[in-house]
>>> print(open('protein10.txt').read())   # compact mmCIF, C-alpha atoms
# COMPACT_ATOMS: atom_id res chain seq x y z
CA MET A 1046 56.37 -1.84 -62.44
CA ARG A 1047 57.75 1.11 -64.34
CA LYS A 1048 61.36 0.96 -65.48
CA SER A 1049 61.91 4.29 -63.76
CA ALA A 1050 61.29 2.51 -60.50
CA ILE A 1051 63.99 0.03 -61.39
CA SER A 1052 66.37 2.85 -62.20
CA ALA A 1053 65.74 4.35 -58.79
CA ILE A 1054 66.27 1.14 -56.91
CA VAL A 1055 69.40 -0.04 -58.72
CA ARG A 1056 70.78 3.46 -58.33
CA GLY A 1057 71.45 2.54 -54.71
CA GLY A 1058 70.92 6.03 -53.35
CA GLN A 1059 72.04 8.59 -55.89
CA ASP A 1060 72.44 11.63 -53.65
CA LEU A 1061 73.81 9.62 -50.77
CA LEU A 1062 76.29 7.38 -52.55
CA TYR A 1063 77.48 9.27 -55.57
CA ALA A 1064 80.93 10.77 -55.74
CA SER A 1065 81.19 14.54 -56.15
CA SER A 1066 81.97 14.56 -59.87
CA SER A 1067 81.10 12.66 -63.02
CA ARG A 1068 83.80 11.41 -65.34
CA GLY A 1069 83.65 9.69 -68.74
CA TYR A 1070 85.54 8.93 -71.92
CA SER A 1071 83.54 11.46 -73.90
CA SER A 1072 84.82 14.30 -71.73
CA GLY A 1073 88.44 13.31 -72.27
CA VAL A 1074 88.97 12.77 -68.58
CA LYS A 1075 91.21 9.94 -67.47
CA PRO A 1076 89.24 6.70 -66.82
CA ILE A 1077 88.47 5.70 -63.27
CA THR A 1078 90.41 2.81 -61.75
CA ALA A 1079 88.25 0.31 -59.90
CA THR A 1080 89.35 -2.77 -57.99
CA LEU A 1081 87.93 -6.02 -59.35
CA PHE A 1082 87.86 -9.27 -57.39
CA PRO A 1083 86.81 -11.89 -59.98
CA GLY A 1084 86.33 -14.33 -57.10
CA ASP A 1085 86.06 -18.12 -57.12
CA GLY A 1086 84.09 -20.73 -59.05
CA ILE A 1087 82.05 -19.00 -61.75
CA GLY A 1088 83.38 -15.63 -60.56
CA PRO A 1089 86.02 -15.20 -63.30
CA GLU A 1090 83.49 -16.11 -66.02
CA ILE A 1091 80.82 -13.64 -64.92
CA ALA A 1092 83.49 -11.00 -64.27
CA GLU A 1093 84.64 -11.42 -67.87
CA SER A 1094 81.05 -10.94 -69.02
CA VAL A 1095 80.80 -7.70 -67.03
CA LYS A 1096 84.08 -6.45 -68.48
CA GLU A 1097 82.89 -7.16 -72.04
CA ILE A 1098 79.60 -5.31 -71.47
CA PHE A 1099 81.32 -2.34 -69.82
CA LYS A 1100 83.75 -2.13 -72.74
CA ALA A 1101 80.92 -2.25 -75.28
CA ALA A 1102 79.10 0.50 -73.36
CA GLU A 1103 82.32 2.54 -73.28
CA ALA A 1104 82.11 2.81 -69.52
CA PRO A 1105 85.25 4.69 -68.42
CA ILE A 1106 86.51 2.04 -66.03
CA GLU A 1107 89.98 0.56 -65.85
CA TRP A 1108 90.00 -2.63 -63.82
CA GLU A 1109 92.71 -3.34 -61.29
CA GLU A 1110 92.26 -7.07 -60.75
CA GLN A 1111 92.99 -8.53 -57.37
CA HIS A 1112 93.17 -12.23 -56.49
CA ILE A 1113 93.10 -13.63 -53.00
CA GLY A 1114 96.16 -15.34 -51.61
CA LYS A 1115 96.77 -19.07 -51.57
CA GLU A 1116 97.87 -18.98 -47.94
CA VAL A 1117 96.64 -17.13 -44.88
CA ASP A 1118 98.12 -13.64 -44.68
CA PRO A 1119 99.26 -13.14 -41.06
CA ARG A 1120 98.58 -9.41 -41.43
CA THR A 1121 94.86 -10.05 -41.95
CA ASN A 1122 94.46 -13.59 -40.56
CA SER A 1123 92.67 -14.39 -43.80
CA PHE A 1124 93.26 -15.37 -47.42
CA ILE A 1125 92.50 -11.72 -48.16
CA THR A 1126 95.92 -10.09 -48.38
CA ARG A 1127 97.02 -6.67 -47.27
CA GLU A 1128 97.59 -5.83 -50.93
CA ASN A 1129 93.97 -6.74 -51.72
CA LEU A 1130 92.74 -4.34 -49.06
CA ASP A 1131 95.14 -1.58 -50.08
CA SER A 1132 93.83 -1.71 -53.65
CA VAL A 1133 90.26 -0.93 -52.51
CA LEU A 1134 91.46 1.73 -50.08
CA ARG A 1135 93.49 3.36 -52.83
CA ASN A 1136 90.77 3.29 -55.49
CA LYS A 1137 87.83 3.77 -53.08
CA ILE A 1138 85.62 1.74 -55.40
CA GLY A 1139 85.43 -1.92 -56.27
CA LEU A 1140 83.39 -4.81 -57.63
CA LYS A 1141 83.55 -8.31 -56.17
CA GLY A 1142 82.54 -11.69 -57.52
CA PRO A 1143 81.54 -14.62 -55.30
CA MET A 1144 84.14 -15.95 -52.88
CA THR A 1145 84.35 -19.13 -50.86
CA THR A 1146 86.18 -19.29 -47.56
CA PRO A 1147 88.04 -22.62 -47.31
CA ILE A 1148 86.76 -24.71 -44.41
CA GLY A 1149 89.21 -24.74 -41.54
CA LYS A 1150 90.31 -23.04 -38.36
CA GLY A 1151 92.48 -20.08 -37.57
CA PHE A 1152 91.40 -17.56 -40.21
CA ARG A 1153 88.45 -15.33 -40.91
CA SER A 1154 85.80 -15.44 -43.60
CA LEU A 1155 86.88 -13.63 -46.77
CA ASN A 1156 83.77 -11.45 -46.84
CA LEU A 1157 83.99 -10.72 -43.13
CA THR A 1158 87.61 -9.66 -43.55
CA LEU A 1159 86.72 -7.22 -46.33
CA ARG A 1160 83.83 -5.69 -44.41
CA LYS A 1161 85.70 -5.38 -41.13
CA GLU A 1162 89.04 -4.20 -42.47
CA LEU A 1163 87.50 -1.71 -44.90
CA GLN A 1164 84.80 -0.65 -42.41
CA LEU A 1165 82.03 -1.25 -44.93
CA TYR A 1166 79.35 -0.60 -42.36
CA ALA A 1167 76.17 -0.77 -44.49
CA ASN A 1168 75.07 -3.41 -46.96
CA VAL A 1169 72.44 -2.15 -49.39
CA ARG A 1170 70.39 -4.78 -51.21
CA PRO A 1171 67.62 -3.57 -53.58
CA CYS A 1172 64.92 -6.11 -54.39
CA LEU A 1173 62.20 -5.37 -56.90
CA SER A 1174 60.13 -7.11 -59.50
CA ILE A 1175 61.64 -7.09 -62.98
CA PRO A 1176 59.21 -6.40 -65.86
CA GLY A 1177 58.82 -9.44 -68.08
CA TYR A 1178 60.23 -11.88 -65.55
CA LYS A 1179 57.32 -13.57 -63.79
CA THR A 1180 57.56 -14.64 -60.16
CA ARG A 1181 54.96 -15.36 -57.49
CA TYR A 1182 54.90 -11.71 -56.49
CA ASP A 1183 54.31 -8.53 -58.47
CA ASP A 1184 55.44 -5.00 -57.65
CA VAL A 1185 57.97 -5.91 -54.97
CA ASN A 1186 60.05 -2.78 -54.43
CA LEU A 1187 62.01 -2.84 -51.19
CA VAL A 1188 65.53 -2.25 -49.94
CA THR A 1189 67.26 -4.06 -47.09
CA ILE A 1190 69.98 -2.16 -45.25
CA ARG A 1191 72.10 -4.37 -43.05
CA GLU A 1192 74.59 -3.34 -40.38
CA ASN A 1193 77.73 -4.98 -41.69
CA THR A 1194 80.42 -4.93 -39.01
CA GLU A 1195 79.19 -6.43 -35.74
CA GLY A 1196 76.34 -8.44 -34.22
CA GLU A 1197 76.70 -12.22 -34.33
CA TYR A 1198 79.30 -11.78 -37.06
CA SER A 1199 81.83 -10.13 -34.76
CA GLY A 1200 83.85 -13.34 -34.93
CA LEU A 1201 84.12 -13.69 -31.16
CA GLU A 1202 83.73 -17.36 -30.28
CA HIS A 1203 85.42 -19.66 -27.83
CA GLU A 1204 84.99 -23.05 -26.19
CA VAL A 1205 84.07 -22.60 -22.54
CA VAL A 1206 84.52 -26.27 -21.69
CA PRO A 1207 84.55 -29.31 -23.98
CA GLY A 1208 81.15 -29.52 -25.65
CA VAL A 1209 80.15 -25.95 -24.80
CA VAL A 1210 80.87 -23.10 -27.23
CA GLU A 1211 80.04 -19.47 -26.57
CA SER A 1212 79.52 -16.95 -29.38
CA LEU A 1213 79.28 -13.27 -28.51
CA LYS A 1214 76.84 -10.86 -30.14
CA VAL A 1215 78.12 -7.30 -30.07
CA ILE A 1216 75.83 -4.31 -30.61
CA THR A 1217 77.23 -0.81 -30.16
CA LYS A 1218 75.55 2.59 -30.16
CA LYS A 1219 78.09 3.93 -32.66
CA ALA A 1220 77.42 1.27 -35.29
CA SER A 1221 73.65 1.30 -34.71
CA ASP A 1222 73.42 5.08 -34.98
CA ARG A 1223 75.52 4.99 -38.13
CA VAL A 1224 73.47 2.42 -40.01
CA ALA A 1225 70.16 3.94 -38.86
CA GLU A 1226 71.26 7.36 -40.08
CA PHE A 1227 72.29 5.79 -43.38
CA ALA A 1228 68.88 4.13 -43.78
CA PHE A 1229 66.94 7.34 -43.23
CA LYS A 1230 69.22 9.37 -45.50
CA TYR A 1231 68.81 6.66 -48.13
CA ALA A 1232 65.01 6.89 -47.79
CA VAL A 1233 65.05 10.68 -48.21
CA ALA A 1234 67.48 10.58 -51.16
CA ASN A 1235 65.38 8.02 -53.02
CA GLY A 1236 61.89 9.34 -52.30
CA ARG A 1237 61.08 6.46 -49.99
CA LYS A 1238 58.26 6.81 -47.48
CA LYS A 1239 58.92 4.32 -44.68
CA VAL A 1240 61.74 2.73 -42.70
CA THR A 1241 61.16 -0.53 -40.81
CA ALA A 1242 63.60 -1.50 -38.05
CA VAL A 1243 63.81 -5.30 -37.74
CA HIS A 1244 64.79 -6.74 -34.34
CA LYS A 1245 64.33 -9.38 -31.64
CA ALA A 1246 64.28 -7.02 -28.67
CA ASN A 1247 61.50 -8.99 -27.01
CA ILE A 1248 64.14 -11.65 -26.26
CA MET A 1249 67.50 -9.87 -26.59
CA LYS A 1250 66.38 -6.88 -24.59
CA GLN A 1251 69.75 -5.19 -24.16
CA SER A 1252 71.48 -5.81 -27.51
CA ASP A 1253 68.53 -5.46 -29.87
CA GLY A 1254 67.00 -3.06 -27.37
CA LEU A 1255 69.95 -0.73 -27.93
CA PHE A 1256 69.63 -1.11 -31.70
CA ILE A 1257 65.96 -0.05 -31.82
CA LYS A 1258 66.57 2.75 -29.31
CA CYS A 1259 69.16 4.17 -31.71
CA CYS A 1260 66.73 3.79 -34.62
CA GLN A 1261 64.03 5.60 -32.64
CA GLU A 1262 66.35 8.51 -31.87
CA VAL A 1263 67.40 8.85 -35.50
CA ALA A 1264 63.78 8.57 -36.67
CA GLU A 1265 62.88 11.66 -34.65
CA LYS A 1266 65.12 13.70 -36.96
CA TYR A 1267 63.14 12.58 -40.02
CA PRO A 1268 59.44 13.29 -39.28
CA ALA A 1269 58.53 13.05 -42.97
CA ILE A 1270 59.57 9.38 -43.04
CA GLU A 1271 57.20 6.86 -41.45
CA TYR A 1272 58.95 4.66 -38.90
CA GLU A 1273 57.92 1.25 -37.62
CA GLU A 1274 59.48 -1.68 -35.78
CA MET A 1275 58.91 -5.36 -36.46
CA ILE A 1276 60.15 -8.53 -34.78
CA VAL A 1277 62.32 -10.54 -37.15
CA ASP A 1278 60.24 -13.74 -37.20
CA ASN A 1279 57.07 -11.78 -37.93
CA THR A 1280 58.99 -9.89 -40.63
CA CYS A 1281 59.73 -13.16 -42.42
CA MET A 1282 56.07 -14.12 -42.37
CA GLN A 1283 54.96 -10.68 -43.53
CA LEU A 1284 57.48 -10.70 -46.39
CA VAL A 1285 56.12 -13.90 -47.88
CA SER A 1286 52.48 -12.97 -47.30
CA ARG A 1287 52.45 -9.26 -48.24
CA PRO A 1288 55.87 -7.98 -49.37
CA THR A 1289 54.49 -4.76 -50.86
CA GLN A 1290 54.00 -3.31 -47.37
CA PHE A 1291 57.79 -2.85 -47.03
CA ASP A 1292 59.90 0.00 -48.30
CA VAL A 1293 63.31 0.48 -46.61
CA MET A 1294 64.28 -2.04 -43.93
CA VAL A 1295 67.20 -1.63 -41.52
CA MET A 1296 68.49 -4.33 -39.21
CA PRO A 1297 71.47 -5.86 -37.39
CA ASN A 1298 73.91 -8.10 -39.20
CA LEU A 1299 72.50 -11.63 -38.87
CA TYR A 1300 68.90 -10.61 -39.50
CA GLY A 1301 70.06 -8.67 -42.54
CA ASP A 1302 71.85 -11.70 -43.93
CA ILE A 1303 68.67 -13.76 -43.68
CA ILE A 1304 66.09 -11.13 -44.65
CA SER A 1305 68.03 -9.92 -47.68
CA ASP A 1306 68.26 -13.44 -49.11
CA LEU A 1307 64.58 -14.06 -48.39
CA SER A 1308 63.74 -10.80 -50.18
CA ALA A 1309 65.84 -11.84 -53.17
CA GLY A 1310 63.76 -15.01 -53.40
CA LEU A 1311 60.64 -12.89 -53.87
CA ILE A 1312 61.91 -11.42 -57.14
CA GLY A 1313 63.66 -14.41 -58.70
CA GLY A 1314 66.71 -15.20 -56.58
CA LEU A 1315 70.21 -14.03 -55.82
CA GLY A 1316 71.16 -14.27 -59.48
CA LEU A 1317 69.10 -11.13 -60.17
CA THR A 1318 69.95 -9.14 -57.05
CA PRO A 1319 72.60 -6.40 -56.89
CA SER A 1320 74.34 -5.50 -53.66
CA GLY A 1321 76.58 -2.75 -52.38
CA ASN A 1322 78.75 -2.38 -49.28
CA ILE A 1323 79.21 1.22 -48.22
CA GLY A 1324 81.88 2.71 -45.98
CA ALA A 1325 83.02 6.14 -44.88
CA ASP A 1326 84.30 8.89 -47.20
CA GLY A 1327 82.70 7.42 -50.32
CA LEU A 1328 84.37 4.01 -50.12
CA ALA A 1329 82.21 1.34 -51.73
CA LEU A 1330 82.55 -2.30 -52.74
CA MET A 1331 79.69 -3.68 -54.83
CA GLU A 1332 79.26 -7.44 -55.04
CA ALA A 1333 77.33 -10.41 -56.31
CA VAL A 1334 76.04 -12.21 -53.24
CA HIS A 1335 75.25 -15.59 -54.77
CA GLY A 1336 77.48 -18.62 -54.40
CA THR A 1337 80.44 -19.75 -56.46
CA ALA A 1338 78.47 -22.54 -58.22
CA PRO A 1339 81.46 -24.88 -58.76
CA ASP A 1340 79.24 -27.29 -60.72
CA LEU A 1341 78.85 -24.66 -63.47
CA VAL A 1342 82.50 -23.74 -63.86
CA GLY A 1343 83.73 -23.92 -67.46
CA LYS A 1344 80.30 -24.83 -68.85
CA ASP A 1345 79.30 -21.40 -70.21
CA ALA A 1346 76.20 -21.62 -68.02
CA ALA A 1347 76.65 -18.94 -65.35
CA ASN A 1348 74.28 -15.99 -64.99
CA PRO A 1349 76.20 -12.68 -64.71
CA THR A 1350 73.15 -10.49 -63.97
CA ALA A 1351 73.74 -9.94 -60.24
CA LEU A 1352 77.37 -8.90 -60.75
CA LEU A 1353 76.40 -6.76 -63.75
CA LEU A 1354 73.66 -4.89 -61.85
CA SER A 1355 76.06 -4.48 -58.94
CA GLY A 1356 78.36 -2.91 -61.52
CA VAL A 1357 75.50 -0.57 -62.45
CA MET A 1358 75.30 0.44 -58.79
CA MET A 1359 79.04 1.11 -58.93
CA LEU A 1360 78.69 3.33 -62.00
CA ARG A 1361 75.96 5.37 -60.36
CA HIS A 1362 78.06 5.69 -57.25
CA LEU A 1363 80.68 7.27 -59.53
CA ASN A 1364 78.09 9.59 -61.13
CA LEU A 1365 78.41 7.75 -64.45
CA THR A 1366 74.64 7.72 -64.86
CA GLU A 1367 74.53 7.65 -68.65
CA HIS A 1368 76.62 4.49 -68.84
CA ALA A 1369 74.70 2.95 -65.94
CA ASP A 1370 71.36 3.66 -67.62
CA ARG A 1371 72.47 2.12 -70.93
CA ILE A 1372 73.70 -1.10 -69.31
CA GLU A 1373 70.70 -1.37 -67.03
CA LYS A 1374 68.17 -0.89 -69.82
CA ALA A 1375 69.97 -3.38 -72.05
CA THR A 1376 70.04 -5.97 -69.28
CA LEU A 1377 66.41 -5.55 -68.27
CA GLY A 1378 65.37 -5.47 -71.91
CA THR A 1379 67.18 -8.75 -72.57
CA ILE A 1380 65.47 -10.39 -69.60
CA ALA A 1381 62.05 -9.04 -70.62
CA ALA A 1382 62.48 -10.31 -74.19
CA GLY A 1383 63.12 -13.81 -72.86
CA LYS A 1384 64.99 -15.02 -75.95
CA HIS A 1385 68.52 -15.28 -74.61
CA LEU A 1386 68.31 -16.29 -70.95
CA THR A 1387 70.55 -18.58 -68.95
CA LYS A 1388 69.03 -21.78 -67.63
CA ASP A 1389 68.50 -20.47 -64.10
CA LEU A 1390 66.28 -17.77 -65.63
CA GLY A 1391 64.27 -20.33 -67.57
CA GLY A 1392 66.14 -20.12 -70.87
CA ASN A 1393 68.63 -22.24 -72.79
CA SER A 1394 71.37 -19.74 -73.58
CA GLY A 1395 74.88 -19.78 -72.21
CA THR A 1396 76.78 -16.97 -70.52
CA SER A 1397 78.37 -15.88 -73.79
CA ASP A 1398 75.09 -15.67 -75.74
CA TYR A 1399 73.38 -13.83 -72.89
CA THR A 1400 76.29 -11.39 -72.79
CA LYS A 1401 76.14 -10.85 -76.55
CA ALA A 1402 72.38 -10.24 -76.35
CA ILE A 1403 72.87 -7.53 -73.71
CA ILE A 1404 75.60 -5.90 -75.81
CA GLY A 1405 73.27 -6.03 -78.80
CA ASN A 1406 70.61 -4.16 -76.83
CA LEU A 1407 72.91 -1.32 -75.80
CA LYS A 1408 71.56 1.95 -77.17
>>> encode(input="protein10.txt", output="structure tokens")
Amino acid sequence: MRKSAISAIVRGGQDLLYASSSRGYSSGVKPITATLFPGDGIGPEIAESVKEIFKAAEAPIEWEEQHIGKEVDPRTNSFITRENLDSVLRNKIGLKGPMTTPIGKGFRSLNLTLRKELQLYANVRPCLSIPGYKTRYDDVNLVTIRENTEGEYSGLEHEVVPGVVESLKVITKKASDRVAEFAFKYAVANGRKKVTAVHKANIMKQSDGLFIKCCQEVAEKYPAIEYEEMIVDNTCMQLVSRPTQFDVMVMPNLYGDIISDLSAGLIGGLGLTPSGNIGADGLALMEAVHGTAPDLVGKDAANPTALLLSGVMMLRHLNLTEHADRIEKATLGTIAAGKHLTKDLGGNSGTSDYTKAIIGNLK
């Protein structure tokens, strides 16, 4: 796998996602303010690593840190506060570490709150083989695009009678058209050849039927892009048997949650996988999608790669390609060298040594 392919995939859709202008320290332009949610568990530690690497690379980012509330905010019905949301809306760009929703009733998931309130309608998850890091599969190079606002994650559940709970799946033409259009524009912008719509319309004929109908209508506008449909269970089998057949994949919310994690497993896990949530008018919140790993807190053992590469996606979204390229190449070079890797990557180094190695490889 050429490194240029990695640059294209981590870019996250240059023409589609980039802001209209590029800004940097060298030009004397004021640095860009970005919202940072360090998150929970290992989140603050890996966020600190990202900040150190960005500083060493002279990335023109000023972080506006936001921390979730300790009590449910009645304005959002979540531990995400109105002030948290306003920070992202004001800056239009952000980076988020892992978050855990406390178990309980009466409030929404933290991630669901961010996606719904900020209308981050598309989740973009690039998955590709990293040179020098051996997994069971070679040359994986695919992107999952997940509808992010509805489906089974609409949060509409109720108890019909004791012992019987009903959960509503909501699929709308507006949301389906929007994410399908995004997927095809992404494919065109990144030189991709095929879009696969993943569904279960053989069983959920109306809901998933509407989703694939929208995808079919959008596909007609892009004759140069090959279009196919695949049932979600068959998709899982095909991914683990022949993942190289896939290019861009678009799907409803729940399937996207599952398929994107499965795809991450093909290339080494969630610790190596960047992710971006995209909304209207250039709004974007990039994130690490792995867990909070409470057992690693304070042990200098966390792997910051996923959050760092999500930060690279953020830089490219802001047209800061030079800084993004430097950080990306240093990160991939450190992984390929294999001398300073965290334990989850097969090494014996801690977070701090891994961070220092990446900084040392900045060119």
>>> atom_distance(input="protein10.txt", atom1="atom CA of A:Phe1291", atom2="atom CA of A:Thr1241")
7.4 Å
>>> residues_around(input="protein10.txt", residues="stretch 1254-1256 of chain A", least_positions_apart="3", cutoff="12 Å", atoms="all atoms listed in the file", output="MDAnalysis selection string")
chainID A and resid 1192 1195:1196 1215:1225 1242:1251 1259:1263 1274 1276 1295:1298
>>> write_last_selection(input="protein10.txt", atoms="C-alpha atoms", output="PDB file, keeping the file's coordinate frame")
ATOM      1  CA  GLU A1192      74.590  -3.340 -40.380  1.00  0.00           C
ATOM      2  CA  GLU A1195      79.190  -6.430 -35.740  1.00  0.00           C
ATOM      3  CA  GLY A1196      76.340  -8.440 -34.220  1.00  0.00           C
ATOM      4  CA  VAL A1215      78.120  -7.300 -30.070  1.00  0.00           C
ATOM      5  CA  ILE A1216      75.830  -4.310 -30.610  1.00  0.00           C
ATOM      6  CA  THR A1217      77.230  -0.810 -30.160  1.00  0.00           C
ATOM      7  CA  LYS A1218      75.550   2.590 -30.160  1.00  0.00           C
ATOM      8  CA  LYS A1219      78.090   3.930 -32.660  1.00  0.00           C
ATOM      9  CA  ALA A1220      77.420   1.270 -35.290  1.00  0.00           C
ATOM     10  CA  SER A1221      73.650   1.300 -34.710  1.00  0.00           C
ATOM     11  CA  ASP A1222      73.420   5.080 -34.980  1.00  0.00           C
ATOM     12  CA  ARG A1223      75.520   4.990 -38.130  1.00  0.00           C
ATOM     13  CA  VAL A1224      73.470   2.420 -40.010  1.00  0.00           C
ATOM     14  CA  ALA A1225      70.160   3.940 -38.860  1.00  0.00           C
ATOM     15  CA  ALA A1242      63.600  -1.500 -38.050  1.00  0.00           C
ATOM     16  CA  VAL A1243      63.810  -5.300 -37.740  1.00  0.00           C
ATOM     17  CA  HIS A1244      64.790  -6.740 -34.340  1.00  0.00           C
ATOM     18  CA  LYS A1245      64.330  -9.380 -31.640  1.00  0.00           C
ATOM     19  CA  ALA A1246      64.280  -7.020 -28.670  1.00  0.00           C
ATOM     20  CA  ASN A1247      61.500  -8.990 -27.010  1.00  0.00           C
ATOM     21  CA  ILE A1248      64.140 -11.650 -26.260  1.00  0.00           C
ATOM     22  CA  MET A1249      67.500  -9.870 -26.590  1.00  0.00           C
ATOM     23  CA  LYS A1250      66.380  -6.880 -24.590  1.00  0.00           C
ATOM     24  CA  GLN A1251      69.750  -5.190 -24.160  1.00  0.00           C
ATOM     25  CA  CYS A1259      69.160   4.170 -31.710  1.00  0.00           C
ATOM     26  CA  CYS A1260      66.730   3.790 -34.620  1.00  0.00           C
ATOM     27  CA  GLN A1261      64.030   5.600 -32.640  1.00  0.00           C
ATOM     28  CA  GLU A1262      66.350   8.510 -31.870  1.00  0.00           C
ATOM     29  CA  VAL A1263      67.400   8.850 -35.500  1.00  0.00           C
ATOM     30  CA  GLU A1274      59.480  -1.680 -35.780  1.00  0.00           C
ATOM     31  CA  ILE A1276      60.150  -8.530 -34.780  1.00  0.00           C
ATOM     32  CA  VAL A1295      67.200  -1.630 -41.520  1.00  0.00           C
ATOM     33  CA  MET A1296      68.490  -4.330 -39.210  1.00  0.00           C
ATOM     34  CA  PRO A1297      71.470  -5.860 -37.390  1.00  0.00           C
ATOM     35  CA  ASN A1298      73.910  -8.100 -39.200  1.00  0.00           C
TER      36      ASN A1298
END
>>> residues_near_point(input="protein10.txt", point="(63.7, 2.6, -44.0)", cutoff="12 Å", atoms="only C-alpha atoms", output="ChimeraX atom specification")
/A:1169,1187-1191,1224-1243,1260-1261,1263-1264,1267,1269-1275,1290-1296
>>> residues_around(input="protein10.txt", residues="A:Leu1284", least_positions_apart="3", cutoff="9 Å", atoms="all atoms listed in the file", output="mmCIF file with C-alpha atoms, in the frame of the given file")
data_model
loop_
_atom_site.group_PDB
_atom_site.id
_atom_site.type_symbol
_atom_site.label_atom_id
_atom_site.label_comp_id
_atom_site.auth_asym_id
_atom_site.auth_seq_id
_atom_site.Cartn_x
_atom_site.Cartn_y
_atom_site.Cartn_z
ATOM 1 C CA ASN A 1279 57.070 -11.780 -37.930
ATOM 2 C CA THR A 1280 58.990 -9.890 -40.630
ATOM 3 C CA CYS A 1281 59.730 -13.160 -42.420
ATOM 4 C CA ARG A 1287 52.450 -9.260 -48.240
ATOM 5 C CA PRO A 1288 55.870 -7.980 -49.370
ATOM 6 C CA THR A 1289 54.490 -4.760 -50.860
ATOM 7 C CA GLN A 1290 54.000 -3.310 -47.370
ATOM 8 C CA PHE A 1291 57.790 -2.850 -47.030
ATOM 9 C CA ILE A 1304 66.090 -11.130 -44.650
ATOM 10 C CA LEU A 1307 64.580 -14.060 -48.390
ATOM 11 C CA SER A 1308 63.740 -10.800 -50.180
ATOM 12 C CA LEU A 1311 60.640 -12.890 -53.870
#
>>> closest_residue(input="protein10.txt", among="A:Arg1153, A:His1203, A:Lys1266, A:Lys1161", to="A:Gly1324", atoms="only C-alpha atoms")
A:Lys1161
>>> residues_near_point(input="protein10.txt", point="(77.8, -13.6, -30.1)", cutoff="7 Å", atoms="only C-alpha atoms", output="PyMOL selection string")
chain A and resi 1196-1197+1201+1212-1215
>>> atom_distance(input="protein10.txt", atom1="atom CA of A:His1368", atom2="atom CA of A:His1112")
26.6 Å
>>> closest_residue(input="protein10.txt", among="A:Glu1093, A:Pro1319, A:Asn1122, A:Pro1143", to="A:Ala1338", atoms="only C-alpha atoms")
A:Pro1143
>>> atom_distance(input="protein10.txt", atom1="atom CA of A:Thr1121", atom2="atom CA of A:Val1206")
27.9 Å
>>> closest_residue(input="protein10.txt", among="A:Asp1340, A:His1335, A:Asp1306, A:Thr1180", to="A:Gly1391", atoms="only C-alpha atoms")
A:Thr1180
>>> residues_around(input="protein10.txt", residues="A:Ser1355", least_positions_apart="2", cutoff="7 Å", atoms="only C-alpha atoms", output="PyMOL selection string")
chain A and resi 1319-1321+1331-1333+1351-1353+1357-1359
>>> closest_residue(input="protein10.txt", among="A:Val1185, A:Pro1349, A:Thr1318, A:Gln1111", to="A:Lys1401", atoms="only C-alpha atoms")
A:Pro1349
>>> residues_around(input="protein10.txt", residues="A:Arg1120", least_positions_apart="2", cutoff="12 Å", atoms="all atoms listed in the file", output="JSON, numbers by chain")
{"A": [1116, 1117, 1118, 1122, 1123, 1124, 1125, 1126, 1127, 1128, 1129, 1130, 1152, 1153, 1158, 1162]}
>>> closest_residue(input="protein10.txt", among="A:Ile1098, A:Ala1346, A:Ile1091, A:Ile1175", to="A:Gly1313", atoms="only C-alpha atoms")
A:Ile1175
